[in-house]
$ cat target_7.pdb   # PDB, C-alpha atoms and all ligand atoms
ATOM      1  CA  MET S 172       9.553  20.597   1.881  1.00  0.00           C
ATOM      2  CA  ILE S 173      12.350  19.308  -0.324  1.00  0.00           C
ATOM      3  CA  GLN S 174      13.817  20.964  -3.359  1.00  0.00           C
ATOM      4  CA  LEU S 175      16.289  19.623  -5.868  1.00  0.00           C
ATOM      5  CA  ARG S 176      18.105  22.092  -8.078  1.00  0.00           C
ATOM      6  CA  ARG S 177      19.975  20.859 -11.132  1.00  0.00           C
ATOM      7  CA  ALA S 178      20.411  17.520  -9.382  1.00  0.00           C
ATOM      8  CA  THR S 179      22.703  15.097 -11.196  1.00  0.00           C
ATOM      9  CA  VAL S 180      23.549  11.589  -9.989  1.00  0.00           C
ATOM     10  CA  ARG S 181      26.157   9.439 -11.702  1.00  0.00           C
ATOM     11  CA  TYR S 182      27.019   5.828 -11.001  1.00  0.00           C
ATOM     12  CA  GLY S 183      30.445   5.583 -12.624  1.00  0.00           C
ATOM     13  CA  ALA S 184      29.834   6.159 -16.328  1.00  0.00           C
ATOM     14  CA  VAL S 185      26.029   5.967 -15.996  1.00  0.00           C
ATOM     15  CA  THR S 186      24.145   9.223 -15.503  1.00  0.00           C
ATOM     16  CA  ALA S 187      20.990   8.185 -13.652  1.00  0.00           C
ATOM     17  CA  LEU S 188      19.689  11.720 -13.009  1.00  0.00           C
ATOM     18  CA  ARG S 189      20.443  14.713 -15.180  1.00  0.00           C
ATOM     19  CA  GLU S 190      19.993  18.275 -13.897  1.00  0.00           C
ATOM     20  CA  VAL S 191      16.643  17.625 -12.275  1.00  0.00           C
ATOM     21  CA  ASN S 192      14.683  20.498 -10.746  1.00  0.00           C
ATOM     22  CA  LEU S 193      11.876  19.231  -8.553  1.00  0.00           C
ATOM     23  CA  GLN S 194      10.031  20.489  -5.542  1.00  0.00           C
ATOM     24  CA  VAL S 195       8.037  18.401  -3.053  1.00  0.00           C
ATOM     25  CA  ARG S 196       5.349  20.542  -1.458  1.00  0.00           C
ATOM     26  CA  PRO S 197       3.377  19.851   1.724  1.00  0.00           C
ATOM     27  CA  GLY S 198       0.336  17.711   0.950  1.00  0.00           C
ATOM     28  CA  ASP S 199       1.674  16.494  -2.398  1.00  0.00           C
ATOM     29  CA  ARG S 200       0.774  13.037  -3.587  1.00  0.00           C
ATOM     30  CA  LEU S 201       3.419  12.875  -6.226  1.00  0.00           C
ATOM     31  CA  ALA S 202       3.837   9.865  -8.531  1.00  0.00           C
ATOM     32  CA  LEU S 203       7.143   9.340 -10.337  1.00  0.00           C
ATOM     33  CA  VAL S 204       6.582   7.416 -13.556  1.00  0.00           C
ATOM     34  CA  GLY S 205       8.741   6.415 -16.503  1.00  0.00           C
ATOM     35  CA  ALA S 206      10.236   3.379 -18.225  1.00  0.00           C
ATOM     36  CA  ASN S 207      12.577   0.955 -16.465  1.00  0.00           C
ATOM     37  CA  GLY S 208      15.915   2.608 -15.867  1.00  0.00           C
ATOM     38  CA  SER S 209      14.542   6.138 -16.320  1.00  0.00           C
ATOM     39  CA  GLY S 210      15.751   7.130 -12.832  1.00  0.00           C
ATOM     40  CA  LYS S 211      12.684   6.831 -10.585  1.00  0.00           C
ATOM     41  CA  SER S 212      14.423   4.975  -7.742  1.00  0.00           C
ATOM     42  CA  THR S 213      17.442   7.243  -7.950  1.00  0.00           C
ATOM     43  CA  LEU S 214      15.212  10.324  -7.784  1.00  0.00           C
ATOM     44  CA  LEU S 215      13.387   8.968  -4.719  1.00  0.00           C
ATOM     45  CA  ARG S 216      16.680   8.243  -2.978  1.00  0.00           C
ATOM     46  CA  ALA S 217      18.037  11.665  -3.897  1.00  0.00           C
ATOM     47  CA  LEU S 218      14.914  13.416  -2.579  1.00  0.00           C
ATOM     48  CA  HIS S 219      15.132  11.421   0.643  1.00  0.00           C
ATOM     49  CA  GLY S 220      18.841  12.121   0.993  1.00  0.00           C
ATOM     50  CA  LEU S 221      19.822   8.435   0.986  1.00  0.00           C
ATOM     51  CA  ILE S 222      22.290   9.119  -1.808  1.00  0.00           C
ATOM     52  CA  ASP S 223      24.467  12.124  -2.448  1.00  0.00           C
ATOM     53  CA  LEU S 224      24.133  14.224  -5.562  1.00  0.00           C
ATOM     54  CA  THR S 225      27.093  14.205  -7.924  1.00  0.00           C
ATOM     55  CA  GLU S 226      26.178  17.773  -8.866  1.00  0.00           C
ATOM     56  CA  GLY S 227      23.467  20.212  -7.882  1.00  0.00           C
ATOM     57  CA  HIS S 228      21.724  20.982  -4.613  1.00  0.00           C
ATOM     58  CA  ARG S 229      19.166  19.504  -2.278  1.00  0.00           C
ATOM     59  CA  GLU S 230      17.405  21.887   0.076  1.00  0.00           C
ATOM     60  CA  VAL S 231      15.183  20.941   2.975  1.00  0.00           C
ATOM     61  CA  GLN S 232      12.804  23.516   4.364  1.00  0.00           C
ATOM     62  CA  GLY S 233      12.224  23.975   8.068  1.00  0.00           C
ATOM     63  CA  TRP S 234       9.061  22.254   9.109  1.00  0.00           C
ATOM     64  CA  GLY S 235       6.323  23.375  11.514  1.00  0.00           C
ATOM     65  CA  ALA S 236       7.610  24.837  14.737  1.00  0.00           C
ATOM     66  CA  SER S 237      10.939  23.056  14.482  1.00  0.00           C
ATOM     67  CA  THR S 238      13.945  24.222  12.555  1.00  0.00           C
ATOM     68  CA  GLN S 239      14.629  20.658  11.527  1.00  0.00           C
ATOM     69  CA  GLY S 240      13.446  19.214   8.266  1.00  0.00           C
ATOM     70  CA  PRO S 241      10.428  16.968   7.904  1.00  0.00           C
ATOM     71  CA  ALA S 242      10.540  13.470   9.416  1.00  0.00           C
ATOM     72  CA  MET S 243      10.906  11.043   6.536  1.00  0.00           C
ATOM     73  CA  ALA S 244      10.344   7.351   5.947  1.00  0.00           C
ATOM     74  CA  MET S 245      11.086   5.200   2.912  1.00  0.00           C
ATOM     75  CA  LEU S 246       9.526   1.978   1.683  1.00  0.00           C
ATOM     76  CA  PHE S 247      10.883  -0.360  -0.950  1.00  0.00           C
ATOM     77  CA  GLN S 248       9.341  -2.832  -3.368  1.00  0.00           C
ATOM     78  CA  LYS S 249      10.469  -5.711  -1.169  1.00  0.00           C
ATOM     79  CA  PRO S 250      10.051  -4.747   2.477  1.00  0.00           C
ATOM     80  CA  PHE S 251      13.142  -4.874   4.703  1.00  0.00           C
ATOM     81  CA  LEU S 252      11.815  -6.470   7.863  1.00  0.00           C
ATOM     82  CA  LEU S 253      13.808  -7.882  10.714  1.00  0.00           C
ATOM     83  CA  ASN S 254      13.288 -11.522  11.555  1.00  0.00           C
ATOM     84  CA  LEU S 255      11.514 -10.669  14.781  1.00  0.00           C
ATOM     85  CA  SER S 256       7.853 -10.560  15.665  1.00  0.00           C
ATOM     86  CA  VAL S 257       5.570  -8.083  13.936  1.00  0.00           C
ATOM     87  CA  GLN S 258       5.260  -6.202  17.205  1.00  0.00           C
ATOM     88  CA  ALA S 259       9.017  -6.117  17.771  1.00  0.00           C
ATOM     89  CA  ASN S 260       9.572  -4.583  14.308  1.00  0.00           C
ATOM     90  CA  LEU S 261       7.279  -1.709  15.301  1.00  0.00           C
ATOM     91  CA  ASN S 262       8.780  -1.329  18.772  1.00  0.00           C
ATOM     92  CA  LEU S 263      12.257  -1.187  17.341  1.00  0.00           C
ATOM     93  CA  ALA S 264      11.277   1.614  14.950  1.00  0.00           C
ATOM     94  CA  LEU S 265       9.977   3.632  17.918  1.00  0.00           C
ATOM     95  CA  TRP S 266      13.069   2.914  19.984  1.00  0.00           C
ATOM     96  CA  LEU S 267      15.285   4.049  17.086  1.00  0.00           C
ATOM     97  CA  ARG S 268      13.310   7.324  16.931  1.00  0.00           C
ATOM     98  CA  GLY S 269      13.781   7.857  20.649  1.00  0.00           C
ATOM     99  CA  VAL S 270      10.093   7.499  21.523  1.00  0.00           C
ATOM    100  CA  PRO S 271       9.809   7.027  25.318  1.00  0.00           C
ATOM    101  CA  ARG S 272       9.089   3.467  26.412  1.00  0.00           C
ATOM    102  CA  HIS S 273       5.736   4.273  28.038  1.00  0.00           C
ATOM    103  CA  GLU S 274       4.339   5.701  24.788  1.00  0.00           C
ATOM    104  CA  ARG S 275       5.308   2.706  22.685  1.00  0.00           C
ATOM    105  CA  PRO S 276       2.582   0.114  23.460  1.00  0.00           C
ATOM    106  CA  ALA S 277      -0.330   2.405  22.509  1.00  0.00           C
ATOM    107  CA  ARG S 278       1.360   3.519  19.326  1.00  0.00           C
ATOM    108  CA  VAL S 279       2.175  -0.052  18.343  1.00  0.00           C
ATOM    109  CA  ARG S 280      -1.446  -1.049  18.988  1.00  0.00           C
ATOM    110  CA  ASP S 281      -2.722   1.832  16.821  1.00  0.00           C
ATOM    111  CA  ALA S 282      -0.375   0.995  13.986  1.00  0.00           C
ATOM    112  CA  LEU S 283      -1.299  -2.705  14.093  1.00  0.00           C
ATOM    113  CA  GLN S 284      -4.964  -1.832  14.008  1.00  0.00           C
ATOM    114  CA  LYS S 285      -4.542   0.588  11.162  1.00  0.00           C
ATOM    115  CA  ALA S 286      -2.655  -1.961   9.059  1.00  0.00           C
ATOM    116  CA  ARG S 287      -5.142  -4.656  10.121  1.00  0.00           C
ATOM    117  CA  LEU S 288      -2.369  -6.777  11.576  1.00  0.00           C
ATOM    118  CA  SER S 289      -3.549  -6.954  15.184  1.00  0.00           C
ATOM    119  CA  ASP S 290      -4.086 -10.709  14.895  1.00  0.00           C
ATOM    120  CA  CYS S 291      -0.483 -11.165  13.702  1.00  0.00           C
ATOM    121  CA  ALA S 292       1.257  -9.145  16.436  1.00  0.00           C
ATOM    122  CA  GLY S 293       3.230 -12.104  17.769  1.00  0.00           C
ATOM    123  CA  ARG S 294       4.062 -13.777  14.472  1.00  0.00           C
ATOM    124  CA  PHE S 295       7.461 -13.603  12.829  1.00  0.00           C
ATOM    125  CA  ALA S 296       7.448 -10.787  10.301  1.00  0.00           C
ATOM    126  CA  ARG S 297       9.063 -12.889   7.609  1.00  0.00           C
ATOM    127  CA  ALA S 298       6.397 -15.585   7.947  1.00  0.00           C
ATOM    128  CA  LEU S 299       3.705 -13.142   6.782  1.00  0.00           C
ATOM    129  CA  SER S 300       2.356 -13.025   3.227  1.00  0.00           C
ATOM    130  CA  GLY S 301       3.839 -10.469   0.826  1.00  0.00           C
ATOM    131  CA  GLY S 302       0.874  -8.147   1.253  1.00  0.00           C
ATOM    132  CA  GLN S 303       0.978  -8.407   5.042  1.00  0.00           C
ATOM    133  CA  GLN S 304       4.721  -7.706   5.016  1.00  0.00           C
ATOM    134  CA  GLN S 305       4.217  -4.580   2.942  1.00  0.00           C
ATOM    135  CA  ARG S 306       1.411  -3.461   5.285  1.00  0.00           C
ATOM    136  CA  LEU S 307       3.782  -4.031   8.196  1.00  0.00           C
ATOM    137  CA  ALA S 308       6.455  -1.959   6.456  1.00  0.00           C
ATOM    138  CA  LEU S 309       3.865   0.826   6.044  1.00  0.00           C
ATOM    139  CA  ALA S 310       2.800   0.470   9.676  1.00  0.00           C
ATOM    140  CA  ARG S 311       6.448   0.683  10.743  1.00  0.00           C
ATOM    141  CA  ALA S 312       6.807   3.920   8.778  1.00  0.00           C
ATOM    142  CA  TRP S 313       3.516   5.321  10.055  1.00  0.00           C
ATOM    143  CA  VAL S 314       4.217   4.491  13.696  1.00  0.00           C
ATOM    144  CA  THR S 315       7.090   7.008  13.641  1.00  0.00           C
ATOM    145  CA  ARG S 316       4.683   9.775  12.438  1.00  0.00           C
ATOM    146  CA  PRO S 317       6.552  10.828   9.302  1.00  0.00           C
ATOM    147  CA  ASP S 318       5.726  14.090   7.547  1.00  0.00           C
ATOM    148  CA  LEU S 319       6.978  12.682   4.290  1.00  0.00           C
ATOM    149  CA  LEU S 320       6.699   9.128   3.012  1.00  0.00           C
ATOM    150  CA  PHE S 321       8.702   7.816   0.045  1.00  0.00           C
ATOM    151  CA  LEU S 322       7.477   4.639  -1.635  1.00  0.00           C
ATOM    152  CA  ASP S 323       9.463   2.824  -4.321  1.00  0.00           C
ATOM    153  CA  GLU S 324       7.042   0.667  -6.346  1.00  0.00           C
ATOM    154  CA  PRO S 325       5.303  -0.417  -3.151  1.00  0.00           C
ATOM    155  CA  THR S 326       2.870  -2.831  -4.822  1.00  0.00           C
ATOM    156  CA  ALA S 327       5.000  -4.126  -7.686  1.00  0.00           C
ATOM    157  CA  SER S 328       5.445  -7.631  -6.292  1.00  0.00           C
ATOM    158  CA  LEU S 329       1.934  -8.090  -4.856  1.00  0.00           C
ATOM    159  CA  ASP S 330      -1.153  -9.887  -6.114  1.00  0.00           C
ATOM    160  CA  PRO S 331      -4.251  -7.774  -6.917  1.00  0.00           C
ATOM    161  CA  GLY S 332      -5.967  -8.272  -3.552  1.00  0.00           C
ATOM    162  CA  ALA S 333      -2.882  -7.354  -1.549  1.00  0.00           C
ATOM    163  CA  LYS S 334      -2.267  -4.427  -3.890  1.00  0.00           C
ATOM    164  CA  LYS S 335      -5.680  -3.017  -3.074  1.00  0.00           C
ATOM    165  CA  ASP S 336      -5.081  -3.299   0.699  1.00  0.00           C
ATOM    166  CA  VAL S 337      -1.717  -1.549   0.444  1.00  0.00           C
ATOM    167  CA  GLU S 338      -3.221   1.202  -1.733  1.00  0.00           C
ATOM    168  CA  ARG S 339      -5.992   1.738   0.797  1.00  0.00           C
ATOM    169  CA  LEU S 340      -3.429   2.131   3.557  1.00  0.00           C
ATOM    170  CA  ILE S 341      -1.398   4.622   1.515  1.00  0.00           C
ATOM    171  CA  SER S 342      -4.595   6.644   0.868  1.00  0.00           C
ATOM    172  CA  GLU S 343      -5.380   6.687   4.566  1.00  0.00           C
ATOM    173  CA  PHE S 344      -1.919   8.007   5.416  1.00  0.00           C
ATOM    174  CA  ALA S 345      -2.185  10.682   2.742  1.00  0.00           C
ATOM    175  CA  ALA S 346      -5.645  11.667   4.041  1.00  0.00           C
ATOM    176  CA  GLU S 347      -4.087  12.212   7.463  1.00  0.00           C
ATOM    177  CA  GLY S 348      -1.775  14.769   5.967  1.00  0.00           C
ATOM    178  CA  VAL S 349       1.351  12.701   5.239  1.00  0.00           C
ATOM    179  CA  THR S 350       3.017  13.964   2.071  1.00  0.00           C
ATOM    180  CA  VAL S 351       3.594  11.046  -0.305  1.00  0.00           C
ATOM    181  CA  VAL S 352       6.118  10.608  -3.099  1.00  0.00           C
ATOM    182  CA  MET S 353       5.940   7.260  -4.872  1.00  0.00           C
ATOM    183  CA  SER S 354       7.335   5.605  -7.945  1.00  0.00           C
ATOM    184  CA  THR S 355       5.048   3.257  -9.825  1.00  0.00           C
ATOM    185  CA  HIS S 356       4.569   1.458 -13.098  1.00  0.00           C
ATOM    186  CA  ASN S 357       0.870   1.256 -12.576  1.00  0.00           C
ATOM    187  CA  LEU S 358      -1.075   4.052 -14.269  1.00  0.00           C
ATOM    188  CA  GLY S 359      -4.297   3.008 -12.538  1.00  0.00           C
ATOM    189  CA  GLN S 360      -2.475   3.532  -9.265  1.00  0.00           C
ATOM    190  CA  VAL S 361      -1.445   7.013 -10.377  1.00  0.00           C
ATOM    191  CA  LYS S 362      -5.128   7.849 -10.936  1.00  0.00           C
ATOM    192  CA  ARG S 363      -6.188   6.307  -7.629  1.00  0.00           C
ATOM    193  CA  LEU S 364      -3.470   7.684  -5.358  1.00  0.00           C
ATOM    194  CA  ALA S 365      -1.699  10.672  -6.873  1.00  0.00           C
ATOM    195  CA  THR S 366      -2.570  14.294  -7.440  1.00  0.00           C
ATOM    196  CA  ARG S 367       0.615  15.166  -9.318  1.00  0.00           C
ATOM    197  CA  VAL S 368       2.856  13.294 -11.770  1.00  0.00           C
ATOM    198  CA  ALA S 369       6.497  13.644 -12.742  1.00  0.00           C
ATOM    199  CA  TYR S 370       7.399  11.709 -15.886  1.00  0.00           C
ATOM    200  CA  LEU S 371      11.066  10.725 -16.186  1.00  0.00           C
ATOM    201  CA  GLU S 372      12.834  10.159 -19.456  1.00  0.00           C
ATOM    202  CA  ALA S 373      16.490   9.091 -19.339  1.00  0.00           C
ATOM    203  CA  GLY S 374      17.129  10.725 -15.987  1.00  0.00           C
ATOM    204  CA  GLN S 375      15.307  13.960 -16.748  1.00  0.00           C
ATOM    205  CA  VAL S 376      11.933  15.150 -15.551  1.00  0.00           C
ATOM    206  CA  GLN S 377      10.219  15.727 -18.861  1.00  0.00           C
ATOM    207  CA  VAL S 378       6.699  16.377 -17.524  1.00  0.00           C
ATOM    208  CA  ASP S 379       5.624  17.699 -14.110  1.00  0.00           C
ATOM    209  CA  CYS S 380       1.890  18.395 -13.910  1.00  0.00           C
ATOM    210  CA  ASP S 381      -1.296  17.484 -12.089  1.00  0.00           C
ATOM    211  CA  VAL S 382      -2.868  14.089 -12.705  1.00  0.00           C
ATOM    212  CA  PRO S 383      -5.782  15.173 -14.954  1.00  0.00           C
ATOM    213  CA  ALA S 384      -3.428  17.180 -17.191  1.00  0.00           C
ATOM    214  CA  PHE S 385      -1.139  14.144 -17.522  1.00  0.00           C
ATOM    215  CA  PHE S 386      -3.899  11.858 -18.727  1.00  0.00           C
ATOM    216  CA  GLU S 387      -5.526  14.492 -20.954  1.00  0.00           C
ATOM    217  CA  GLY S 388      -2.275  15.624 -22.574  1.00  0.00           C
ATOM    218  CA  PRO S 389      -0.893  16.880 -24.826  1.00  0.00           C
ATOM    219  CA  LEU S 390       2.418  15.272 -23.806  1.00  0.00           C
ATOM    220  CA  PRO S 391       5.883  15.052 -25.369  1.00  0.00           C
ATOM    221  CA  ALA S 392       6.196  12.060 -27.730  1.00  0.00           C
ATOM    222  CA  GLU S 393       8.019   9.734 -25.255  1.00  0.00           C
ATOM    223  CA  ALA S 394       5.567  10.420 -22.428  1.00  0.00           C
ATOM    224  CA  ALA S 395       2.615   9.814 -24.766  1.00  0.00           C
ATOM    225  CA  GLN S 396       4.174   6.487 -25.827  1.00  0.00           C
ATOM    226  CA  PHE S 397       4.633   5.549 -22.180  1.00  0.00           C
ATOM    227  CA  LEU S 398       0.983   6.333 -21.511  1.00  0.00           C
ATOM    228  CA  ARG S 399      -0.069   4.109 -24.423  1.00  0.00           C
ATOM    229  CA  GLY S 400       1.963   1.257 -22.909  1.00  0.00           C
ATOM    230  CA  GLU S 401       4.565   1.332 -25.662  1.00  0.00           C
ATOM    231  CA  ARG S 402       7.491   2.056 -23.352  1.00  0.00           C
ATOM    232  CA  ILE S 403       8.223  -0.172 -20.401  1.00  0.00           C
TER     233      ILE S 403
HETATM  234  P1  LIG S 501      14.195   3.140 -12.334  1.00  0.00           P
HETATM  235  O1  LIG S 501      13.910   3.080 -10.884  1.00  0.00           O
HETATM  236  O2  LIG S 501      13.364   4.133 -13.081  1.00  0.00           O
HETATM  237  O3  LIG S 501      14.116   1.796 -12.995  1.00  0.00           O
HETATM  238  P2  LIG S 501      16.935   3.619 -11.512  1.00  0.00           P
HETATM  239  O4  LIG S 501      16.973   4.885 -10.754  1.00  0.00           O
HETATM  240  O5  LIG S 501      16.949   2.362 -10.743  1.00  0.00           O
HETATM  241  O6  LIG S 501      15.690   3.646 -12.528  1.00  0.00           O
HETATM  242  O7  LIG S 501      18.166   3.568 -12.494  1.00  0.00           O
HETATM  243  C1  LIG S 501      18.542   4.641 -13.351  1.00  0.00           C
HETATM  244  C2  LIG S 501      19.807   4.255 -14.106  1.00  0.00           C
HETATM  245  O8  LIG S 501      20.893   4.152 -13.193  1.00  0.00           O
HETATM  246  C3  LIG S 501      19.728   2.921 -14.827  1.00  0.00           C
HETATM  247  O9  LIG S 501      20.481   3.022 -16.006  1.00  0.00           O
HETATM  248  C4  LIG S 501      20.372   1.966 -13.859  1.00  0.00           C
HETATM  249  O10 LIG S 501      20.925   0.868 -14.539  1.00  0.00           O
HETATM  250  C5  LIG S 501      21.450   2.837 -13.243  1.00  0.00           C
HETATM  251  N1  LIG S 501      21.748   2.443 -11.832  1.00  0.00           N
HETATM  252  C6  LIG S 501      20.880   2.474 -10.794  1.00  0.00           C
HETATM  253  N2  LIG S 501      21.487   2.111  -9.641  1.00  0.00           N
HETATM  254  C7  LIG S 501      22.776   1.842  -9.976  1.00  0.00           C
HETATM  255  C8  LIG S 501      23.924   1.427  -9.232  1.00  0.00           C
HETATM  256  N3  LIG S 501      23.875   1.225  -7.914  1.00  0.00           N
HETATM  257  N4  LIG S 501      25.086   1.262  -9.926  1.00  0.00           N
HETATM  258  C9  LIG S 501      25.158   1.482 -11.243  1.00  0.00           C
HETATM  259  N5  LIG S 501      24.121   1.888 -11.993  1.00  0.00           N
HETATM  260  C10 LIG S 501      22.945   2.063 -11.377  1.00  0.00           C
HETATM  261 MG    MG S 502      13.220   1.561  -9.643  1.00  0.00          MG
END
$ encode --input "target_7.pdb" --output "structure tokens"
Amino acid sequence: MIQLRRATVRYGAVTALREVNLQVRPGDRLALVGANGSGKSTLLRALHGLIDLTEGHREVQGWGASTQGPAMAMLFQKPFLLNLSVQANLNLALWLRGVPRHERPARVRDALQKARLSDCAGRFARALSGGQQQRLALARAWVTRPDLLFLDEPTASLDPGAKKDVERLISEFAAEGVTVVMSTHNLGQVKRLATRVAYLEAGQVQVDCDVPAFFEGPLPAEAAQFLRGERI
């Protein structure tokens, strides 16, 4: 779906990504892991196209019957919600995508149900709990029917119960065929949600393998240290 070739991203003097080659394939559940500052967020943004590469190429494959690329959505650690009702946040996402007015109510209802937010439809989004806000952010992505969902540490600021609910929702989306690329610090989450892992070390993808191979090893020294919890 998306391919990076020798992708380099610099912020001034800082090289955040260094000649990364990475391919996102349909149906992937790809987890990006690595220490703080290793380049996970930058890689997600580069894959999505939110930031330009300093060097290298990003290619997007045609998707399905259309010649356009896949429809993409991105979620951040702290959800960006508008200070409107829950329902209005979803409606706005549909309006922005050009979904005809008559189709919107049913799709909003479905998304609310899926995220188990039907009882909160009229509440202000920013008055919800952290977990509910992240579920709303997921519902807002899902309501637009993305082919590809990018998640940047989606449960990092949530308590364990809320984490579980958000993980369940991500699993459901993946089971429906949405391709998922997520960064996480949580190795349990990698086991629960991902099928493939890319380990980043100082802006480079040092390991790219399926989940069992990552946990069984052998791995390069830095990746093995990360797995033992010795690199944060
Ligand atoms: P991660 O998500 O793995 O913590 P990031 O992609 O956020 O890593 O950051 C990679 C490197 O790029 C770090 O050294 C970080 O300090 C630097 N960086 C990230 N964003 C910016 C920015 N907007 N300006 C300057 N440096 C940045
Ligand atoms: Mg990050």
$ residues_near_ligand --input "target_7.pdb" --ligand "ligand MG 502 (chain S)" --cutoff "9 Å" --atoms "only C-alpha atoms and all ligand atoms" --output "JSON, numbers by chain"
{"S": [207, 208, 209, 210, 211, 212, 213, 215, 248, 323, 324, 354, 355]}
$ write_last_selection --input "target_7.pdb" --atoms "C-alpha atoms" --output "compact mmCIF listing (two decimals), in the frame of the given file"
# COMPACT_ATOMS: atom_id res chain seq x y z
CA ASN S 207 12.58 0.96 -16.46
CA GLY S 208 15.92 2.61 -15.87
CA SER S 209 14.54 6.14 -16.32
CA GLY S 210 15.75 7.13 -12.83
CA LYS S 211 12.68 6.83 -10.58
CA SER S 212 14.42 4.97 -7.74
CA THR S 213 17.44 7.24 -7.95
CA LEU S 215 13.39 8.97 -4.72
CA GLN S 248 9.34 -2.83 -3.37
CA ASP S 323 9.46 2.82 -4.32
CA GLU S 324 7.04 0.67 -6.35
CA SER S 354 7.34 5.60 -7.94
CA THR S 355 5.05 3.26 -9.82
$ axis_aligned_box --input "target_7.pdb" --around "ligand LIG 501 (chain S)" --padding-each-side "8 Å" --output "lines of an AutoDock Vina configuration file"
center_x = 19.3
center_y = 2.9
center_z = -12.0
size_x = 27.8
size_y = 20.0
size_z = 24.1
$ resolve_selection --input "target_7.pdb" --expression "the PyMOL selection byres (((chain S and resi 267-280) around 9) and not hetatm)" --output "MDAnalysis selection string"
chainID S and resid 258 261:266 281:285 289 292 310:311 314:315
$ closest_residue --input "target_7.pdb" --among "S:Pro391, S:Phe386, S:Leu214, S:Val204" --to "Tyr370 (chain S)" --atoms "all atoms listed in the file"
S:Val204
$ closest_residue --input "target_7.pdb" --among "S:Val368, S:Leu320, S:Leu188, S:Val351" --to "ligand LIG 501 (chain S)" --atoms "all atoms listed in the file"
S:Leu188
$ residues_around --input "target_7.pdb" --residues "Ala206 (chain S)" --least-positions-apart "3" --cutoff "9 Å" --atoms "only C-alpha atoms" --output "ChimeraX atom specification"
/S:209-211,356,371-373,397,402-403
$ write_last_selection --input "target_7.pdb" --atoms "C-alpha atoms" --output "compact mmCIF listing (two decimals), in the coordinates of the input"
# COMPACT_ATOMS: atom_id res chain seq x y z
CA SER S 209 14.54 6.14 -16.32
CA GLY S 210 15.75 7.13 -12.83
CA LYS S 211 12.68 6.83 -10.58
CA HIS S 356 4.57 1.46 -13.10
CA LEU S 371 11.07 10.72 -16.19
CA GLU S 372 12.83 10.16 -19.46
CA ALA S 373 16.49 9.09 -19.34
CA PHE S 397 4.63 5.55 -22.18
CA ARG S 402 7.49 2.06 -23.35
CA ILE S 403 8.22 -0.17 -20.40
$ atom_distance --input "target_7.pdb" --atom1 "atom N5 of ligand LIG 501 (chain S)" --atom2 "CA of Tyr182 (chain S)"
5.0 Å
$ closest_residue --input "target_7.pdb" --among "S:Ala259, S:Leu390, S:Leu193, S:Ala333" --to "Arg306 (chain S)" --atoms "only C-alpha atoms"
S:Ala333
$ resolve_selection --input "target_7.pdb" --expression "the PyMOL selection byres (((chain S and resi 350) around 6) and not hetatm)" --output "CSV table (one decimal) with C-alpha atoms, in the coordinates of the input"
chain,number,residue,atom,x,y,z
S,197,PRO,CA,3.4,19.9,1.7
S,198,GLY,CA,0.3,17.7,1.0
S,199,ASP,CA,1.7,16.5,-2.4
S,319,LEU,CA,7.0,12.7,4.3
S,349,VAL,CA,1.4,12.7,5.2
S,351,VAL,CA,3.6,11.0,-0.3
$ closest_residue --input "target_7.pdb" --among "S:Ala286, S:Val231, S:Leu218, S:Leu253" --to "Thr179 (chain S)" --atoms "all atoms listed in the file"
S:Leu218
$ resolve_selection --input "target_7.pdb" --expression "the PyMOL selection byres (((chain S and resi 379-382) around 9) and not hetatm)" --output "list of chain:residue names"
S:Leu193, S:Leu201, S:Ala202, S:Val361, S:Lys362, S:Ala365, S:Thr366, S:Arg367, S:Val368, S:Ala369, S:Tyr370, S:Val376, S:Gln377, S:Val378, S:Pro383, S:Ala384, S:Phe385, S:Phe386, S:Glu387
$ closest_residue --input "target_7.pdb" --among "S:Val185, S:Cys291, S:Ala395, S:Ala296" --to "ligand LIG 501 (chain S)" --atoms "all atoms listed in the file"
S:Val185
$ closest_residue --input "target_7.pdb" --among "S:Gln360, S:Gln375, S:Gln304, S:Thr326" --to "ligand LIG 501 (chain S)" --atoms "only C-alpha atoms and all ligand atoms"
S:Gln375
$ atom_distance --input "target_7.pdb" --atom1 "CA of Ala242 (chain S)" --atom2 "CA of Pro325 (chain S)"
19.4 Å
$ build_atoms --input "target_7.pdb" --residues "region 263-270 of chain S" --atoms "N, CA and C atoms" --output "PDB file, keeping the file's coordinate frame"
ATOM      1  N   LEU S 263      10.887  -1.560  17.669  1.00  0.00           N
ATOM      2  CA  LEU S 263      12.257  -1.187  17.341  1.00  0.00           C
ATOM      3  C   LEU S 263      12.292   0.158  16.606  1.00  0.00           C
ATOM      4  N   ALA S 264      11.332   0.343  15.697  1.00  0.00           N
ATOM      5  CA  ALA S 264      11.277   1.614  14.950  1.00  0.00           C
ATOM      6  C   ALA S 264      11.071   2.782  15.918  1.00  0.00           C
ATOM      7  N   LEU S 265      10.244   2.572  16.934  1.00  0.00           N
ATOM      8  CA  LEU S 265       9.977   3.632  17.918  1.00  0.00           C
ATOM      9  C   LEU S 265      11.198   3.881  18.789  1.00  0.00           C
ATOM     10  N   TRP S 266      11.855   2.783  19.172  1.00  0.00           N
ATOM     11  CA  TRP S 266      13.069   2.914  19.984  1.00  0.00           C
ATOM     12  C   TRP S 266      14.139   3.695  19.222  1.00  0.00           C
ATOM     13  N   LEU S 267      14.287   3.358  17.917  1.00  0.00           N
ATOM     14  CA  LEU S 267      15.285   4.049  17.086  1.00  0.00           C
ATOM     15  C   LEU S 267      14.990   5.541  16.989  1.00  0.00           C
ATOM     16  N   ARG S 268      13.701   5.910  16.997  1.00  0.00           N
ATOM     17  CA  ARG S 268      13.310   7.324  16.931  1.00  0.00           C
ATOM     18  C   ARG S 268      13.356   8.006  18.292  1.00  0.00           C
ATOM     19  N   GLY S 269      13.689   7.241  19.330  1.00  0.00           N
ATOM     20  CA  GLY S 269      13.781   7.857  20.649  1.00  0.00           C
ATOM     21  C   GLY S 269      12.433   8.094  21.310  1.00  0.00           C
ATOM     22  N   VAL S 270      11.406   7.357  20.891  1.00  0.00           N
ATOM     23  CA  VAL S 270      10.093   7.499  21.523  1.00  0.00           C
ATOM     24  C   VAL S 270      10.141   6.840  22.907  1.00  0.00           C
TER      25      VAL S 270
END
